[in-house]
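File shown here: model10.csv, holding CSV, C-alpha atoms and all ligand atoms.
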```csv
chain,number,residue,atom,x,y,z
A,1,MET,CA,-2.6,16.4,15.7
A,2,THR,CA,-3.4,19.5,13.7
A,3,SER,CA,-4.9,18.1,10.5
A,4,GLN,CA,-8.7,17.7,10.1
A,5,PHE,CA,-10.3,14.3,10.5
A,6,LEU,CA,-13.3,13.5,8.4
A,7,SER,CA,-15.5,10.5,9.0
A,8,ASN,CA,-18.9,9.9,7.3
A,9,CYS,CA,-17.6,11.6,4.2
A,10,SER,CA,-20.4,13.0,2.0
A,11,THR,CA,-20.2,14.0,-1.6
A,12,ASP,CA,-19.8,17.6,-0.4
A,13,SER,CA,-16.9,16.8,1.9
A,14,LEU,CA,-15.2,14.7,-0.9
A,15,ALA,CA,-15.6,17.7,-3.2
A,16,GLN,CA,-14.0,19.8,-0.5
A,17,ALA,CA,-11.2,17.3,-0.1
A,18,ALA,CA,-10.6,17.3,-3.9
A,19,ALA,CA,-10.4,21.1,-3.8
A,20,GLN,CA,-7.8,20.9,-1.0
A,21,LEU,CA,-5.8,18.4,-3.0
A,22,GLN,CA,-5.9,20.9,-5.9
A,23,ALA,CA,-4.7,23.6,-3.6
A,24,GLY,CA,-1.7,21.5,-2.7
A,25,SER,CA,-2.7,20.0,0.6
A,26,LEU,CA,-2.3,16.3,1.5
A,27,VAL,CA,-5.3,14.0,2.0
A,28,ALA,CA,-4.9,10.6,3.7
A,29,ILE,CA,-7.2,8.2,1.9
A,30,PRO,CA,-8.7,4.9,2.8
A,31,THR,CA,-8.2,2.1,0.2
A,32,GLU,CA,-9.1,-1.6,0.3
A,33,THR,CA,-5.4,-2.5,0.9
A,34,VAL,CA,-4.0,0.1,3.3
A,35,TYR,CA,-4.4,3.9,3.9
A,36,GLY,CA,-2.5,6.1,1.5
A,37,LEU,CA,-1.1,9.6,1.9
A,38,GLY,CA,-2.4,11.5,-1.2
A,39,ALA,CA,-1.2,14.5,-3.1
A,40,ASP,CA,-2.0,16.0,-6.5
A,41,ALA,CA,0.3,13.8,-8.7
A,42,CYS,CA,1.0,16.8,-11.0
A,43,ASN,CA,2.0,19.2,-8.1
A,44,GLU,CA,5.7,18.9,-7.4
A,45,LYS,CA,5.6,20.9,-4.1
A,46,ALA,CA,2.7,18.8,-2.8
A,47,VAL,CA,4.4,15.6,-3.7
A,48,ALA,CA,7.6,16.9,-1.9
A,49,ARG,CA,5.5,17.2,1.3
A,50,ILE,CA,4.6,13.5,1.1
A,51,TYR,CA,8.3,12.7,1.4
A,52,GLU,CA,8.7,15.1,4.3
A,53,VAL,CA,5.8,13.7,6.2
A,54,LYS,CA,6.8,10.1,5.6
A,55,GLY,CA,10.5,10.8,6.2
A,56,ARG,CA,11.1,8.9,3.0
A,57,PRO,CA,14.1,9.3,0.5
A,58,SER,CA,12.8,11.5,-2.3
A,59,ASP,CA,14.1,9.3,-5.1
A,60,HIS,CA,11.6,6.5,-4.3
A,61,PRO,CA,8.8,6.4,-6.9
A,62,LEU,CA,5.1,6.7,-5.9
A,63,ILE,CA,2.0,5.0,-7.1
A,64,VAL,CA,-0.4,7.2,-9.0
A,65,HIS,CA,-4.1,6.4,-8.2
A,66,ILE,CA,-6.5,7.0,-11.0
A,67,ALA,CA,-10.3,7.1,-11.2
A,68,ASP,CA,-10.7,4.4,-13.9
A,69,MET,CA,-8.9,2.4,-16.6
A,70,GLN,CA,-9.3,5.2,-19.2
A,71,ASP,CA,-6.9,7.3,-17.3
A,72,VAL,CA,-4.0,4.9,-18.0
A,73,ALA,CA,-3.6,6.6,-21.4
A,74,THR,CA,-2.8,9.9,-19.6
A,75,TRP,CA,0.0,8.4,-17.6
A,76,ALA,CA,1.4,5.6,-19.6
A,77,SER,CA,2.4,4.8,-23.2
A,78,ASP,CA,3.0,1.5,-25.0
A,79,VAL,CA,0.6,-0.5,-22.7
A,80,PRO,CA,1.0,-4.2,-23.5
A,81,THR,CA,-2.2,-6.2,-24.2
A,82,TYR,CA,-1.7,-8.3,-21.1
A,83,ALA,CA,-1.7,-5.2,-18.9
A,84,ILE,CA,-5.1,-4.3,-20.4
A,85,SER,CA,-6.5,-7.7,-19.5
A,86,LEU,CA,-5.2,-7.3,-16.0
A,87,ALA,CA,-6.7,-3.8,-15.7
A,88,ARG,CA,-10.1,-5.2,-17.0
A,89,ASP,CA,-10.1,-8.1,-14.6
A,90,PHE,CA,-8.8,-6.6,-11.4
A,91,TRP,CA,-9.5,-2.9,-11.3
A,92,PRO,CA,-10.8,-1.3,-9.2
A,93,GLY,CA,-8.7,-3.5,-6.9
A,94,PRO,CA,-5.5,-4.4,-5.0
A,95,MET,CA,-3.2,-4.3,-8.0
A,96,THR,CA,-0.6,-1.8,-9.2
A,97,LEU,CA,0.7,-1.9,-12.8
A,98,VAL,CA,4.2,-0.6,-13.7
A,99,LEU,CA,4.1,0.7,-17.2
A,100,PRO,CA,6.3,2.8,-19.5
A,101,ARG,CA,5.5,6.5,-18.5
A,102,SER,CA,4.0,9.3,-20.6
A,103,ASP,CA,5.2,12.9,-20.5
A,104,VAL,CA,2.6,13.6,-17.8
A,105,ALA,CA,4.5,11.3,-15.3
A,106,LYS,CA,7.4,13.6,-14.1
A,107,ASP,CA,10.6,12.6,-12.4
A,108,PHE,CA,9.3,13.6,-9.0
A,109,ILE,CA,6.7,10.8,-9.3
A,110,THR,CA,8.8,8.1,-11.0
A,111,GLY,CA,12.0,8.7,-9.1
A,112,GLY,CA,13.6,9.5,-12.5
A,113,GLN,CA,12.7,6.1,-13.9
A,114,ALA,CA,11.2,5.5,-17.3
A,115,THR,CA,8.2,3.8,-15.8
A,116,VAL,CA,5.1,4.8,-13.8
A,117,ALA,CA,3.1,2.8,-11.3
A,118,LEU,CA,-0.7,3.1,-11.6
A,119,ARG,CA,-3.7,1.8,-9.5
A,120,VAL,CA,-7.5,2.1,-9.5
A,121,PRO,CA,-8.3,1.4,-5.8
A,122,ALA,CA,-11.6,-0.4,-4.8
A,123,HIS,CA,-12.9,1.8,-2.0
A,124,SER,CA,-15.9,4.0,-2.4
A,125,LEU,CA,-14.3,7.0,-0.6
A,126,ALA,CA,-11.1,6.7,-2.6
A,127,LEU,CA,-13.0,6.4,-5.9
A,128,GLY,CA,-15.4,9.2,-4.9
A,129,LEU,CA,-12.4,11.5,-4.2
A,130,LEU,CA,-10.7,10.5,-7.4
A,131,LYS,CA,-13.9,11.3,-9.4
A,132,GLU,CA,-14.4,14.7,-7.6
A,133,PHE,CA,-10.7,15.5,-8.3
A,134,LYS,CA,-11.1,14.5,-11.9
A,135,LYS,CA,-14.1,16.8,-12.2
A,136,ILE,CA,-12.0,19.8,-11.3
A,137,GLY,CA,-9.2,18.8,-13.7
A,138,GLY,CA,-7.1,16.5,-11.5
A,139,LEU,CA,-5.2,13.8,-13.4
A,140,GLY,CA,-4.3,11.5,-10.5
A,141,ILE,CA,-3.5,11.2,-6.8
A,142,ALA,CA,0.0,10.1,-5.8
A,143,ALA,CA,-0.2,8.1,-2.6
A,144,PRO,CA,2.3,5.9,-0.8
A,145,SER,CA,1.1,4.1,2.3
A,146,ALA,CA,0.5,6.6,5.0
A,147,ASN,CA,3.2,5.5,7.5
A,148,ARG,CA,6.6,6.8,8.4
A,149,PHE,CA,9.3,5.3,6.2
A,150,GLY,CA,10.1,1.7,7.1
A,151,HIS,CA,7.1,1.3,9.5
A,152,ILE,CA,4.1,-0.9,8.9
A,153,SER,CA,1.3,0.5,6.8
A,154,PRO,CA,-1.9,1.9,8.5
A,155,THR,CA,-5.1,0.0,8.0
A,156,THR,CA,-7.3,2.4,10.0
A,157,ALA,CA,-7.7,6.2,10.1
A,158,ILE,CA,-6.6,6.2,13.7
A,159,ALA,CA,-3.4,4.4,12.8
A,160,VAL,CA,-2.8,7.1,10.1
A,161,GLN,CA,-3.2,9.8,12.8
A,162,GLU,CA,-0.8,8.0,15.1
A,163,GLU,CA,1.8,7.5,12.4
A,164,ILE,CA,1.9,10.9,10.7
A,165,GLY,CA,-0.7,13.2,12.4
A,166,GLU,CA,2.0,15.3,14.1
A,167,TYR,CA,3.6,16.0,10.7
A,168,LEU,CA,0.4,17.1,8.9
A,169,SER,CA,-0.8,20.8,8.8
A,170,SER,CA,-4.2,22.2,9.5
A,171,GLN,CA,-5.0,22.2,5.8
A,172,ASP,CA,-4.4,18.5,5.4
A,173,LEU,CA,-7.1,15.9,5.8
A,174,ILE,CA,-7.5,12.4,7.0
A,175,LEU,CA,-10.5,10.6,5.5
A,176,ASP,CA,-11.9,7.9,7.7
A,177,GLY,CA,-13.3,5.0,5.6
A,178,GLY,CA,-13.2,2.3,8.2
A,179,PRO,CA,-10.7,-0.6,8.5
A,180,ALA,CA,-9.1,-1.7,5.2
A,181,LEU,CA,-10.7,-4.8,3.8
A,182,VAL,CA,-7.6,-6.5,2.4
A,183,GLY,CA,-5.0,-5.3,4.9
A,184,VAL,CA,-1.8,-5.8,2.9
A,185,GLU,CA,-0.5,-3.6,0.1
A,186,SER,CA,-1.4,-4.1,-3.5
A,187,THR,CA,0.3,-6.6,-5.8
A,188,ILE,CA,2.8,-4.7,-7.9
A,189,ILE,CA,3.2,-6.1,-11.5
A,190,ASP,CA,6.0,-4.9,-13.8
A,191,CYS,CA,4.4,-4.8,-17.3
A,192,THR,CA,7.5,-3.6,-19.2
A,193,HIS,CA,8.7,-7.0,-20.3
A,194,ASP,CA,7.2,-9.8,-22.5
A,195,LEU,CA,5.9,-11.5,-19.4
A,196,PRO,CA,4.3,-10.0,-16.3
A,197,ARG,CA,6.6,-9.9,-13.3
A,198,ILE,CA,5.5,-9.7,-9.7
A,199,LEU,CA,7.6,-7.1,-7.9
A,200,ARG,CA,5.5,-7.2,-4.6
A,201,PRO,CA,3.0,-10.0,-3.8
A,202,GLY,CA,-0.5,-9.1,-2.7
A,203,ALA,CA,-4.1,-10.1,-3.0
A,204,ILE,CA,-3.9,-10.5,-6.8
A,205,THR,CA,-2.0,-13.7,-6.9
A,206,ALA,CA,0.3,-15.3,-9.5
A,207,GLU,CA,-2.5,-17.8,-10.4
A,208,MET,CA,-5.0,-15.0,-10.9
A,209,ILE,CA,-2.5,-13.1,-13.2
A,210,HIS,CA,-1.9,-16.3,-15.2
A,211,GLU,CA,-5.6,-16.9,-15.5
A,212,SER,CA,-6.2,-13.4,-16.7
A,213,THR,CA,-3.3,-13.1,-19.2
A,214,GLY,CA,-2.7,-16.7,-20.2
A,215,LEU,CA,1.0,-16.0,-19.7
A,216,GLU,CA,3.7,-17.4,-17.4
A,217,VAL,CA,4.2,-15.1,-14.4
A,218,GLU,CA,7.7,-14.3,-13.3
A,219,GLU,CA,8.3,-14.1,-9.6
A,220,ASN,CA,11.3,-13.5,-7.3
A,221,ILE,CA,13.3,-11.9,-10.1
A,222,PRO,CA,15.8,-9.4,-8.6
A,223,SER,CA,14.6,-6.2,-10.1
A,224,GLU,CA,16.6,-3.3,-11.5
A,225,ILE,CA,13.6,-1.1,-10.5
A,226,ARG,CA,13.8,0.6,-7.2
A,227,VAL,CA,10.9,-0.6,-5.0
A,228,SER,CA,11.1,0.8,-1.5
A,229,GLY,CA,8.6,-1.8,-0.4
A,230,SER,CA,11.2,-4.4,-1.4
A,231,LEU,CA,13.8,-3.0,1.0
A,232,GLU,CA,14.7,-6.0,3.2
A,233,ASN,CA,13.8,-4.3,6.5
A,234,HIS,CA,10.6,-2.7,5.5
A,235,TYR,CA,7.2,-3.1,7.2
A,236,SER,CA,8.7,-3.3,10.8
A,237,PRO,CA,6.9,-2.7,14.1
A,238,LYS,CA,9.0,-1.6,17.1
A,239,ALA,CA,8.9,-5.0,18.6
A,240,HIS,CA,11.1,-7.8,17.4
A,241,VAL,CA,9.1,-10.2,15.2
A,242,ILE,CA,10.1,-13.8,15.7
A,243,LEU,CA,8.8,-16.2,13.1
A,244,ASP,CA,7.4,-19.7,13.6
A,245,ALA,CA,8.3,-20.0,17.3
A,246,MET,CA,6.0,-20.3,20.3
A,247,ALA,CA,5.8,-17.1,22.4
A,248,GLU,CA,7.4,-17.1,25.8
A,249,PRO,CA,5.5,-15.7,28.8
A,250,GLY,CA,5.1,-11.9,28.4
A,251,GLU,CA,5.6,-12.0,24.6
A,252,GLY,CA,3.0,-11.2,22.0
A,253,PHE,CA,1.6,-14.1,19.9
A,254,ILE,CA,-0.1,-14.1,16.5
A,255,ALA,CA,-1.4,-17.3,14.9
A,256,VAL,CA,-4.5,-18.8,13.3
A,257,ALA,CA,-7.4,-19.4,15.7
A,258,THR,CA,-6.8,-23.2,15.8
A,259,ILE,CA,-3.4,-22.7,17.5
A,260,THR,CA,-3.7,-22.2,21.2
A,261,THR,CA,-1.9,-19.4,23.0
A,262,PRO,CA,1.2,-20.6,24.9
A,263,ALA,CA,1.0,-20.1,28.7
A,264,GLY,CA,1.6,-16.5,29.7
A,265,ALA,CA,1.8,-15.1,26.2
A,266,ILE,CA,-0.3,-12.2,25.1
A,267,ARG,CA,-2.6,-13.1,22.2
A,268,LEU,CA,-2.7,-10.2,19.6
A,269,ALA,CA,-4.8,-11.9,16.9
A,270,SER,CA,-6.5,-15.2,16.1
A,271,PRO,CA,-7.4,-15.0,12.4
A,272,LYS,CA,-9.8,-17.7,11.1
A,273,SER,CA,-8.7,-17.6,7.4
A,274,VAL,CA,-5.9,-16.3,5.3
A,275,GLU,CA,-8.0,-13.3,4.3
A,276,ASP,CA,-8.7,-12.6,7.9
A,277,TYR,CA,-5.0,-13.0,8.6
A,278,ALA,CA,-4.1,-10.3,6.1
A,279,ARG,CA,-6.9,-8.0,7.4
A,280,VAL,CA,-5.8,-8.1,11.0
A,281,LEU,CA,-2.0,-8.5,10.8
A,282,TYR,CA,-0.8,-4.9,10.8
A,283,GLU,CA,-3.3,-3.8,13.6
A,284,ALA,CA,-2.1,-6.8,15.7
A,285,LEU,CA,1.5,-5.7,15.3
A,286,ARG,CA,0.5,-2.1,16.2
A,287,LEU,CA,-1.3,-3.4,19.2
A,288,GLY,CA,1.8,-5.2,20.4
A,289,ASP,CA,3.8,-1.9,20.0
A,290,SER,CA,1.1,0.0,21.9
A,291,GLN,CA,1.5,-2.4,24.8
A,292,GLY,CA,5.3,-1.9,24.7
A,293,LEU,CA,6.0,-5.6,23.9
A,294,GLU,CA,9.6,-6.4,23.1
A,295,LYS,CA,8.9,-9.5,21.1
A,296,ILE,CA,6.0,-10.8,19.1
A,297,ALA,CA,6.1,-14.4,18.0
A,298,VAL,CA,4.2,-15.1,14.8
A,299,ILE,CA,3.2,-18.4,13.3
A,300,GLN,CA,3.1,-17.8,9.5
A,301,PRO,CA,0.2,-19.0,7.4
A,302,SER,CA,1.0,-21.8,5.0
A,303,GLY,CA,-0.1,-22.2,1.4
A,304,ASP,CA,-0.3,-20.1,-1.8
A,305,GLY,CA,-2.4,-17.1,-2.7
A,306,LEU,CA,-2.6,-14.3,-0.1
A,307,ALA,CA,-0.4,-16.4,2.3
A,308,VAL,CA,2.5,-15.6,0.0
A,309,ALA,CA,2.0,-11.8,0.5
A,310,ILE,CA,1.6,-12.3,4.3
A,311,ARG,CA,4.8,-14.3,4.6
A,312,ASP,CA,6.6,-11.7,2.4
A,313,ARG,CA,5.7,-8.9,4.8
A,314,LEU,CA,6.3,-11.0,7.9
A,315,GLN,CA,9.8,-11.9,6.7
A,316,ARG,CA,10.7,-8.3,6.2
A,317,ALA,CA,9.2,-7.3,9.6
A,318,SER,CA,11.3,-10.0,11.3
A,319,ARG,CA,14.5,-8.5,9.9
A,320,GLY,CA,13.8,-5.4,12.0
A,321,ARG,CA,14.4,-1.8,11.2
A,401,LIG,O1,-1.7,-0.9,-1.7
A,401,LIG,C1,-0.9,-0.1,-2.1
A,401,LIG,O2,-0.2,-0.2,-3.1
A,401,LIG,C2,-0.8,1.2,-1.2
A,401,LIG,C3,-2.1,2.0,-1.4
A,401,LIG,C4,-2.1,3.3,-0.6
A,401,LIG,O3,-2.4,2.2,-2.7
A,401,LIG,N1,0.3,2.0,-1.6
A,401,LIG,C5,1.6,1.6,-1.3
A,401,LIG,O4,2.5,2.6,-1.7
A,401,LIG,O5,1.9,0.6,-0.8
A,401,LIG,P1,4.0,2.6,-1.2
A,401,LIG,O6,4.6,3.8,-1.8
A,401,LIG,O7,4.1,2.4,0.2
A,401,LIG,O8,4.6,1.4,-2.0
A,401,LIG,C6,4.5,1.4,-3.4
A,401,LIG,C7,5.7,0.7,-4.0
A,401,LIG,C8,7.0,1.3,-3.5
A,401,LIG,O9,7.8,0.2,-3.1
A,401,LIG,C9,7.6,1.9,-4.8
A,401,LIG,O10,9.0,1.8,-4.8
A,401,LIG,C10,6.9,1.1,-5.9
A,401,LIG,O11,5.6,0.9,-5.4
A,401,LIG,N2,6.9,1.8,-7.1
A,401,LIG,C11,6.3,3.0,-7.4
A,401,LIG,N3,6.6,3.3,-8.7
A,401,LIG,C12,7.3,2.4,-9.2
A,401,LIG,C13,7.8,2.1,-10.5
A,401,LIG,N4,7.7,3.0,-11.5
A,401,LIG,N5,8.5,1.0,-10.7
A,401,LIG,C14,8.6,0.1,-9.7
A,401,LIG,N6,8.1,0.2,-8.5
A,401,LIG,C15,7.5,1.3,-8.2
A,402,MG,MG,4.7,1.7,1.9
```

Any chance you could give the structure as structure tokens?
Amino acid sequence: MTSQFLSNCSTDSLAQAAAQLQAGSLVAIPTETVYGLGADACNEKAVARIYEVKGRPSDHPLIVHIADMQDVATWASDVPTYAISLARDFWPGPMTLVLPRSDVAKDFITGGQATVALRVPAHSLALGLLKEFKKIGGLGIAAPSANRFGHISPTTAIAVQEEIGEYLSSQDLILDGGPALVGVESTIIDCTHDLPRILRPGAITAEMIHESTGLEVEENIPSEIRVSGSLENHYSPKAHVILDAMAEPGEGFIAVATITTPAGAIRLASPKSVEDYARVLYEALRLGDSQGLEKIAVIQPSGDGLAVAIRDRLQRASRGR
């Protein structure tokens, strides 16, 4: 690991991190969903390094993180009224809006598409960094999840270091903002049609979107938009993930706390609620990998809300790499 690791980030160190972003370095940032790997969203070379470090195909679009709602006007045009309601109600927060792009959003951010994905994250360090970056003229921070392509997203700074540390340079930074509070990636909402469409489920649920906008919410519509997170085999640990089966002896086991561990199985997590489940899931899968387990049996949470996002990620994980 050659990059610098920053914990207890002060305003001074955030200003320093912003300066390094401006100079073209990468900065891994904590957010409330998962950790992101950030670059100046206007710097083509810096953005190209994100793809190198992730090992991700370069035609996949990136989310641009912005300091506040006002910055939408910089990156997007023709913003529908319902998107403004969503931004007011849920930003800063675990929600990404896909909007028609402005001239500022170049092909190297949007993957050549006519839309741009925007998010104001709800984490004091991420927001602090975005504000410092804005002070020195930065328009936004492009940041995919800070994992290698196809792996599970990191929810701690240590997991970021384990995933991509070896690919970072001595000028790059990893900011440590503690474990992510939500634990699964943001809800992505396509706002380019008459009705909002969920492209990726997350902590902002269909019910919440309906409440905010008064509109029907479209779900499970096959999208013409390329969403790498929607690749069938995304979000995979090394171990085989087996859904809704009891673990055999020697296998990993994840289920809510009320379900007892089968004899001989290795308990990786016992979440007490659906929120807790989302928060601990990726770390539990990583723990299974670090123990070299071949199989992890997972009993999926039932119900609506955040459980939909958890089942979405688990189903992809179970399809393997
Ligand atoms: O919670 C999150 O969203 C995290 C944190 C770091 O913000 N970020 C994240 O980024 O999950 P990433 O790149 O791993 O996943 C973002 C997804 C990708 O599947 C990408 O294809 C999709 O957003 N995306 C980006 N721009 C898009 C666009 N213009 N239209 C449709 N999908 C887009
Ligand atoms: Mg990702």

Produce as a ChimeraX atom specification the set of residues near ligand MG 402 (chain A), where near means within 9 Å with only C-alpha atoms and all ligand atoms considered.
-> /A:34,36,144-153,185,228-229,234-235

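When CA of Leu129 in chain A is paired with atom N5 of ligand LIG 401 (chain A), their separation reads 24.3 Å.
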
Counting all atoms listed in the file, the option among A:Thr31, A:Ser7, A:Ser270, A:Ser318 closest to ligand LIG 401 (chain A) |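 Smallest separation from ligand LIG 401 (chain A) among the options: A:Thr31.
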
Go through A:His240, A:Arg313, A:Lys295, A:Lys131 and flag the residue nearest ligand LIG 401 (chain A), using only C-alpha atoms and all ligand atoms for the distances.
->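 The answer is A:Arg313, which sits nearest to ligand LIG 401 (chain A).
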
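With distances restricted to all atoms listed in the file, A:Val116 is the closest residue to ligand LIG 401 (chain A) from A:Ala28, A:Val116, A:Ala23, A:Ala17.
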
Might you pull out every residue within 9 Å of Leu125 in chain A, with only C-alpha atoms counted and same-chain residues fewer than 4 positions away left off, and present them as a list in words?
->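 Returned residues: Cys9, Ser10, Leu14, Ile29, Pro30, Thr31, Leu129, Leu130, Leu175, Asp176 and Gly177 of chain A.
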
Keeping C-alpha atoms for every residue in the selection just given, could you write it to a file as a short mmCIF file (atom, residue, chain, number, x, y, z; two decimals), in the frame of the given file?
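Produced file result_3.cif, reproduced below:
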```cif
data_model
loop_
_atom_site.label_atom_id
_atom_site.label_comp_id
_atom_site.auth_asym_id
_atom_site.auth_seq_id
_atom_site.Cartn_x
_atom_site.Cartn_y
_atom_site.Cartn_z
CA CYS A 9 -17.60 11.60 4.20
CA SER A 10 -20.40 13.00 2.00
CA LEU A 14 -15.20 14.70 -0.90
CA ILE A 29 -7.20 8.20 1.90
CA PRO A 30 -8.70 4.90 2.80
CA THR A 31 -8.20 2.10 0.20
CA LEU A 129 -12.40 11.50 -4.20
CA LEU A 130 -10.70 10.50 -7.40
CA LEU A 175 -10.50 10.60 5.50
CA ASP A 176 -11.90 7.90 7.70
CA GLY A 177 -13.30 5.00 5.60
#
```

Find the residues around Ile254 in chain A up to 8 Å (only C-alpha atoms counted), leave out those fewer than 6 positions away in its own chain, and share them as a ChimeraX atom specification.
-> /A:267-270,284,296-299

Tell me which of A:Ala19, A:Leu195, A:Leu306, A:Leu314 sits closest to Lys135 in chain A, counting only C-alpha atoms.
->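 Distance minimum relative to Lys135 in chain A lands on A:Ala19.
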
Looking at all atoms listed in the file, which of A:Val274, A:Ile198, A:Val79, A:Ala159 is the one that sits closest to ligand LIG 401 (chain A)?
-> A:Ile198

Residues near Gly183 in chain A, cut-off 8 Å, only C-alpha atoms, skip fewer than 4 positions along chain, as an mmCIF file with C-alpha atoms, keeping the file's coordinate frame:
```
data_model
loop_
_atom_site.group_PDB
_atom_site.id
_atom_site.type_symbol
_atom_site.label_atom_id
_atom_site.label_comp_id
_atom_site.auth_asym_id
_atom_site.auth_seq_id
_atom_site.Cartn_x
_atom_site.Cartn_y
_atom_site.Cartn_z
ATOM 1 C CA GLU A 32 -9.100 -1.600 0.300
ATOM 2 C CA THR A 33 -5.400 -2.500 0.900
ATOM 3 C CA VAL A 34 -4.000 0.100 3.300
ATOM 4 C CA THR A 155 -5.100 0.000 8.000
ATOM 5 C CA ALA A 278 -4.100 -10.300 6.100
ATOM 6 C CA ARG A 279 -6.900 -8.000 7.400
ATOM 7 C CA VAL A 280 -5.800 -8.100 11.000
ATOM 8 C CA LEU A 281 -2.000 -8.500 10.800
ATOM 9 C CA TYR A 282 -0.800 -4.900 10.800
#
```

Best match for closeness to Leu99 in chain A among A:Ala73, A:Ile50, A:Ala257, A:Leu127, counting all atoms listed in the file |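 Under the stated criterion, the closest residue is A:Ala73.
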
Expressed in Å, the length from CA of Ile66 in chain A to CA of Ser186 in chain A is 14.3 Å

Near-range 82-93 of chain A list (8 Å; only C-alpha atoms; drop same-chain fewer than 2 positions) as a ChimeraX atom specification = /A:32,68-69,79-80,95,97,119-122,191,196,204,209,212-213

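Relative to CA of Lys54 in chain A, CA of Asp103 in chain A is found at 26.3 Å.
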